[in-house]
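> Please see the structure below; I have some questions.
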Amino acid sequence: MISKMSFPERSLLFAKLSSIAYNDNIKEVKKQVKKLGFTTVEFYNRDGAQAYRFQNAEDLVIACRGTQPTEFNDIKADLNAVPVVAETVSRVHKGFKAEVDELWPMVLEDIQRTVNKDNKLWFTGHSLGAAMTTIMASRCYYEDSIRDPQEVYTYGSPRVGWPGYCKAMNIDHHRWVNNNDIVTRVPLAIMGYRHNGTEHYMNAWGNVRKPTGWQRFKDRMRGMWMGLKQGSIDNFSDHGMNFYIANLEMYASGKENSQS
C-alpha cells in the first residue's frame, strides 16, 4: 500500500512509474510494474497523447508519458504555450491542456468505475507528462463524482498555469527538480505562468536540499561546470529520468553523496 510507504520511498516509486510510462511494450510494462506491486495495467493512447493506469487492490496510479523528441505531437504541445481558459479555473497552457483533452474521457471513465472506498488515487509524470498529470489531478479535484487525488508526484515539470490556477489546486503536489533541469523554468514566468505544489530540490551532487536563492545560484553554477567537465550541457542532461531515479534511490536509502 503506497500510503504506508515513507515519503522518500513514494517519491522513488513514482519516479520509476513515470519512467516506465515511456515504454510501449505492454508485456514488458506489466512485468516491471508487477515487481512494484501492481496487478492491472491499462494503456491510453490517442493522437500522440499517452498515459498508463497502474492498479492493485489498494491503489490506482495514473502515469502520464512525457515528451518524446521524435514525436511531433509532443513537440507541438510543448511549444503551444498560449494561455487558455482551463476546464476548472483561471488559465492553463494550451498545448498541455490539448494533450489531456485527448485522453480525459477515457481516464475519467476508468477512474469513476474503479476508484471506490478502498482505492486511493495518485498521479505522476515526467516532463510533458508532469504537466498533464497536474491538469488531470486538478480536474479530479473539481469532479464531484470521484474522490480527490491522494497526492501528485511530478519530475522535471514545466510551469502549467497562471497563479489563480495553481492556487486553486488544493492537492498535495510534490514537484521534484534536479539541479539545472531547464524544463522546470519554462514557460517563462513573464508570460504569467507559475508552478504548483511543493518543490523538492536535488543539488548538483544529487542530494535533496532546501537552498536559499544565493545557494541555489552557486549550486547551479557548480552543476554546469561539472557537466562541462563531463562533456554535457547540464541544463538538458539534468532533465533525464535516469538522474531523478538515481538521486531518489540514494535519498530513499538514507544515503548522501559525500562530496557535497
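How things are named: the first chain in the C-alpha cells is A, the next is B, and so on; residues count from 1 in each chain; ligands count from 1 in the order shown.
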Tell me, as a list in words, which residues lie within 10 Å of Arg53 in chain A, counting only C-alpha atoms; anything in the same chain fewer than 5 positions away does not count.

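Counting only the stated atoms, we get Ala21, Phe38, Thr40, Val41, Glu42, Phe43, Tyr44, Leu60, Val61, Ile62, Ala63, Cys64, Val107, Asp110, Ile111, Trp122 and Phe123 of chain A.
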
> Any chance you could export the current selection's N, CA and C atoms as a PDB file, in the first residue's frame?


ATOM      1  N   ALA A  21       6.407   4.652 -17.898  1.00  0.00           N
ATOM      2  CA  ALA A  21       5.355   5.167 -18.785  1.00  0.00           C
ATOM      3  C   ALA A  21       5.860   5.466 -20.195  1.00  0.00           C
ATOM      4  N   PHE A  38       1.847  -3.907  -8.678  1.00  0.00           N
ATOM      5  CA  PHE A  38       0.624  -3.592  -9.419  1.00  0.00           C
ATOM      6  C   PHE A  38       0.195  -4.783 -10.269  1.00  0.00           C
ATOM      7  N   THR A  40      -2.782  -4.650 -12.416  1.00  0.00           N
ATOM      8  CA  THR A  40      -3.566  -4.247 -13.580  1.00  0.00           C
ATOM      9  C   THR A  40      -2.867  -3.114 -14.313  1.00  0.00           C
ATOM     10  N   VAL A  41      -2.822  -3.221 -15.647  1.00  0.00           N
ATOM     11  CA  VAL A  41      -2.208  -2.188 -16.480  1.00  0.00           C
ATOM     12  C   VAL A  41      -3.170  -1.831 -17.607  1.00  0.00           C
ATOM     13  N   GLU A  42      -3.378  -0.547 -17.800  1.00  0.00           N
ATOM     14  CA  GLU A  42      -4.184  -0.048 -18.911  1.00  0.00           C
ATOM     15  C   GLU A  42      -3.412   1.056 -19.617  1.00  0.00           C
ATOM     16  N   PHE A  43      -3.313   0.967 -20.940  1.00  0.00           N
ATOM     17  CA  PHE A  43      -2.571   1.963 -21.713  1.00  0.00           C
ATOM     18  C   PHE A  43      -3.555   2.836 -22.476  1.00  0.00           C
ATOM     19  N   TYR A  44      -3.416   4.150 -22.323  1.00  0.00           N
ATOM     20  CA  TYR A  44      -4.228   5.116 -23.061  1.00  0.00           C
ATOM     21  C   TYR A  44      -3.366   5.737 -24.148  1.00  0.00           C
ATOM     22  N   LEU A  60      -4.657   3.176  -7.212  1.00  0.00           N
ATOM     23  CA  LEU A  60      -4.757   3.400  -8.656  1.00  0.00           C
ATOM     24  C   LEU A  60      -3.868   4.583  -9.005  1.00  0.00           C
ATOM     25  N   VAL A  61      -2.924   4.366  -9.910  1.00  0.00           N
ATOM     26  CA  VAL A  61      -1.966   5.399 -10.311  1.00  0.00           C
ATOM     27  C   VAL A  61      -2.149   5.716 -11.784  1.00  0.00           C
ATOM     28  N   ILE A  62      -2.300   6.999 -12.097  1.00  0.00           N
ATOM     29  CA  ILE A  62      -2.276   7.457 -13.476  1.00  0.00           C
ATOM     30  C   ILE A  62      -0.898   8.054 -13.729  1.00  0.00           C
ATOM     31  N   ALA A  63      -0.173   7.463 -14.671  1.00  0.00           N
ATOM     32  CA  ALA A  63       1.176   7.931 -15.013  1.00  0.00           C
ATOM     33  C   ALA A  63       1.168   8.430 -16.452  1.00  0.00           C
ATOM     34  N   CYS A  64       1.370   9.723 -16.634  1.00  0.00           N
ATOM     35  CA  CYS A  64       1.342  10.319 -17.974  1.00  0.00           C
ATOM     36  C   CYS A  64       2.731  10.302 -18.595  1.00  0.00           C
ATOM     37  N   VAL A 107      -9.755   8.312 -19.319  1.00  0.00           N
ATOM     38  CA  VAL A 107      -9.194   8.270 -17.980  1.00  0.00           C
ATOM     39  C   VAL A 107     -10.283   8.501 -16.937  1.00  0.00           C
ATOM     40  N   ASP A 110     -12.561   5.442 -16.468  1.00  0.00           N
ATOM     41  CA  ASP A 110     -11.924   4.367 -15.706  1.00  0.00           C
ATOM     42  C   ASP A 110     -11.818   4.715 -14.225  1.00  0.00           C
ATOM     43  N   ILE A 111     -11.486   5.959 -13.938  1.00  0.00           N
ATOM     44  CA  ILE A 111     -11.386   6.373 -12.535  1.00  0.00           C
ATOM     45  C   ILE A 111     -12.753   6.283 -11.858  1.00  0.00           C
ATOM     46  N   TRP A 122      -3.703   8.311  -7.249  1.00  0.00           N
ATOM     47  CA  TRP A 122      -2.421   9.004  -7.301  1.00  0.00           C
ATOM     48  C   TRP A 122      -2.131   9.388  -8.757  1.00  0.00           C
ATOM     49  N   PHE A 123      -1.353  10.458  -8.924  1.00  0.00           N
ATOM     50  CA  PHE A 123      -0.943  10.892 -10.260  1.00  0.00           C
ATOM     51  C   PHE A 123       0.562  11.114 -10.282  1.00  0.00           C
TER      52      PHE A 123
END

> Could you pull out the residues in range 85-260 of chain A that DSSP calls helix (DSSP H, G or I) from the backbone, as a PyMOL selection string?

chain A and resi 94-114+128-142+163-168+182-185+189-191+213-229+234-237+241-252

> How many Å lie between CA of Pro149 in chain A and CA of His173 in chain A, rounded to one decimal?

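Result for CA of Pro149 in chain A versus CA of His173 in chain A: 9.8 Å, one decimal.
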
> Which neighbours of Asp101 in chain A fall inside 12 Å, counting only C-alpha atoms, when residues of the same chain fewer than 2 positions from it are skipped, and could you give them as a PyMOL selection string?

chain A and resi 45-50+77+86-87+94-99+103-108+132-133+135-136+139

> Which neighbours of Arg222 in chain A fall inside 9 Å, counting only C-alpha atoms, when residues of the same chain fewer than 5 positions from it are skipped, and could you give them as a ChimeraX atom specification?

/A:204,217,227

> May I ask which of the residues A:Arg220, A:Arg185, A:Lys167, A:His239 is the closest one to His126 in chain A, counting only C-alpha atoms?

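Of the candidates, the smallest distance to His126 in chain A is held by A:His239.
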
> Using only C-alpha atoms for the distances, tell me which of A:Gln112, A:Thr198, A:Ser6, A:Asn179 is nearest to Arg216 in chain A.

A:Asn179

> To test your reading of the structure, identify every residue in range 138-244 of chain A that backbone DSSP assigns to strand (DSSP E), and report it as a PyMOL selection string.

chain A and resi 151-155+173-178+198-202+208-209

> Neighbouring residues of Thr124 in chain A were defined as those with any atom within 9 Å, considering only C-alpha atoms; residues of the same chain fewer than 3 positions away were excluded. Please report them as a VMD selection string.

chain A and resid 14 to 15 17 to 18 61 to 64 129 to 130 133 to 134 151 to 155

> May I have the residues from that selection written out with N, CA and C atoms, as a compact mmCIF listing (two decimals), in the first residue's frame?


# COMPACT_ATOMS: atom_id res chain seq x y z
N PHE A 14 7.17 6.52 -7.59
CA PHE A 14 6.51 7.28 -8.65
C PHE A 14 7.50 7.71 -9.74
N ALA A 15 8.75 7.90 -9.37
CA ALA A 15 9.76 8.20 -10.39
C ALA A 15 9.93 6.99 -11.31
N LEU A 17 7.66 4.67 -11.93
CA LEU A 17 6.44 4.54 -12.73
C LEU A 17 6.42 5.58 -13.85
N SER A 18 6.91 6.78 -13.57
CA SER A 18 6.98 7.82 -14.60
C SER A 18 7.93 7.42 -15.71
N VAL A 61 -2.92 4.37 -9.91
CA VAL A 61 -1.97 5.40 -10.31
C VAL A 61 -2.15 5.72 -11.78
N ILE A 62 -2.30 7.00 -12.10
CA ILE A 62 -2.28 7.46 -13.48
C ILE A 62 -0.90 8.05 -13.73
N ALA A 63 -0.17 7.46 -14.67
CA ALA A 63 1.18 7.93 -15.01
C ALA A 63 1.17 8.43 -16.45
N CYS A 64 1.37 9.72 -16.63
CA CYS A 64 1.34 10.32 -17.97
C CYS A 64 2.73 10.30 -18.60
N GLY A 129 4.59 14.86 -19.36
CA GLY A 129 3.73 14.02 -18.54
C GLY A 129 3.45 14.61 -17.19
N ALA A 130 4.40 15.37 -16.64
CA ALA A 130 4.19 16.04 -15.37
C ALA A 130 3.13 17.13 -15.50
N THR A 133 -0.20 15.44 -15.86
CA THR A 133 -0.57 14.92 -14.56
C THR A 133 -1.18 16.01 -13.68
N THR A 134 -0.56 17.18 -13.69
CA THR A 134 -1.06 18.30 -12.88
C THR A 134 -2.47 18.69 -13.31
N GLU A 151 -2.26 12.14 -3.65
CA GLU A 151 -1.10 13.00 -3.85
C GLU A 151 -0.70 12.99 -5.32
N VAL A 152 0.10 13.99 -5.70
CA VAL A 152 0.64 14.11 -7.05
C VAL A 152 2.16 14.19 -6.95
N TYR A 153 2.86 13.42 -7.79
CA TYR A 153 4.33 13.45 -7.81
C TYR A 153 4.78 13.73 -9.24
N THR A 154 5.51 14.82 -9.42
CA THR A 154 5.99 15.17 -10.75
C THR A 154 7.50 15.37 -10.74
N TYR A 155 8.10 15.15 -11.92
CA TYR A 155 9.56 15.20 -12.09
C TYR A 155 9.88 16.02 -13.33

> So how many Å separate CA of Arg209 in chain A and CA of Gly66 in chain A, to one decimal?

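Computing the Euclidean distance for CA of Arg209 in chain A and CA of Gly66 in chain A yields 25.2 Å.
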
> Find, counting only C-alpha atoms, the residue in A:Ile233, A:Cys140, A:Val82, A:Ala131 that gets nearest to Thr184 in chain A.

A:Ala131

> Pick out the closest residue to Asn170 in chain A from this set: A:Ser253, A:Asn25, A:Ser3, A:Ser138. Count only C-alpha atoms.

A:Ser138

> Skip Lys255 in chain A itself and residues of its chain fewer than 5 positions away, then list as a compact mmCIF listing (two decimals) with C-alpha atoms, in the first residue's frame all residues within 9 Å of it, counting only C-alpha atoms.


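What follows is the written file around18.txt:
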# COMPACT_ATOMS: atom_id res chain seq x y z
CA ASN A 207 21.35 15.36 -2.57
CA GLU A 249 17.45 5.78 -4.81
CA MET A 250 20.17 7.45 -2.77

> Between A:Trp225, A:Tyr244, A:Trp162, A:Phe236, which has the minimum distance to Met191 in chain A (counting only C-alpha atoms)?

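Among A:Trp225, A:Tyr244, A:Trp162, A:Phe236, it is A:Trp162 that comes nearest to Met191 in chain A.
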
> Smallest atom-to-atom distance to Asn180 in chain A: which of A:Leu228, A:Leu36, A:Met221, A:Val89, using only C-alpha atoms?

A:Met221

> Can you tell me which residues surround Gly254 in chain A at a distance of at most 12 Å, considering only C-alpha atoms, apart from same-chain residues fewer than 6 positions away, and format the answer as number ranges by chain?

A: 6-9, 207-208, 247-248

> Go ahead and write the selection's residues with C-alpha atoms as a JSON list (two decimals), in the first residue's frame.


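After the write, result17.json holds the following:
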[["chain", "number", "residue", "atom", "x", "y", "z"],
["A", 6, "SER", "CA", 7.78, 6.74, 3.63],
["A", 7, "PHE", "CA", 7.93, 9.93, 1.58],
["A", 8, "PRO", "CA", 11.33, 9.04, 0.06],
["A", 9, "GLU", "CA", 10.04, 5.57, -0.86],
["A", 207, "ASN", "CA", 21.35, 15.36, -2.57],
["A", 208, "VAL", "CA", 17.96, 16.75, -1.50],
["A", 247, "ASN", "CA", 19.18, 10.55, -6.86],
["A", 248, "LEU", "CA", 15.97, 9.25, -5.31]]
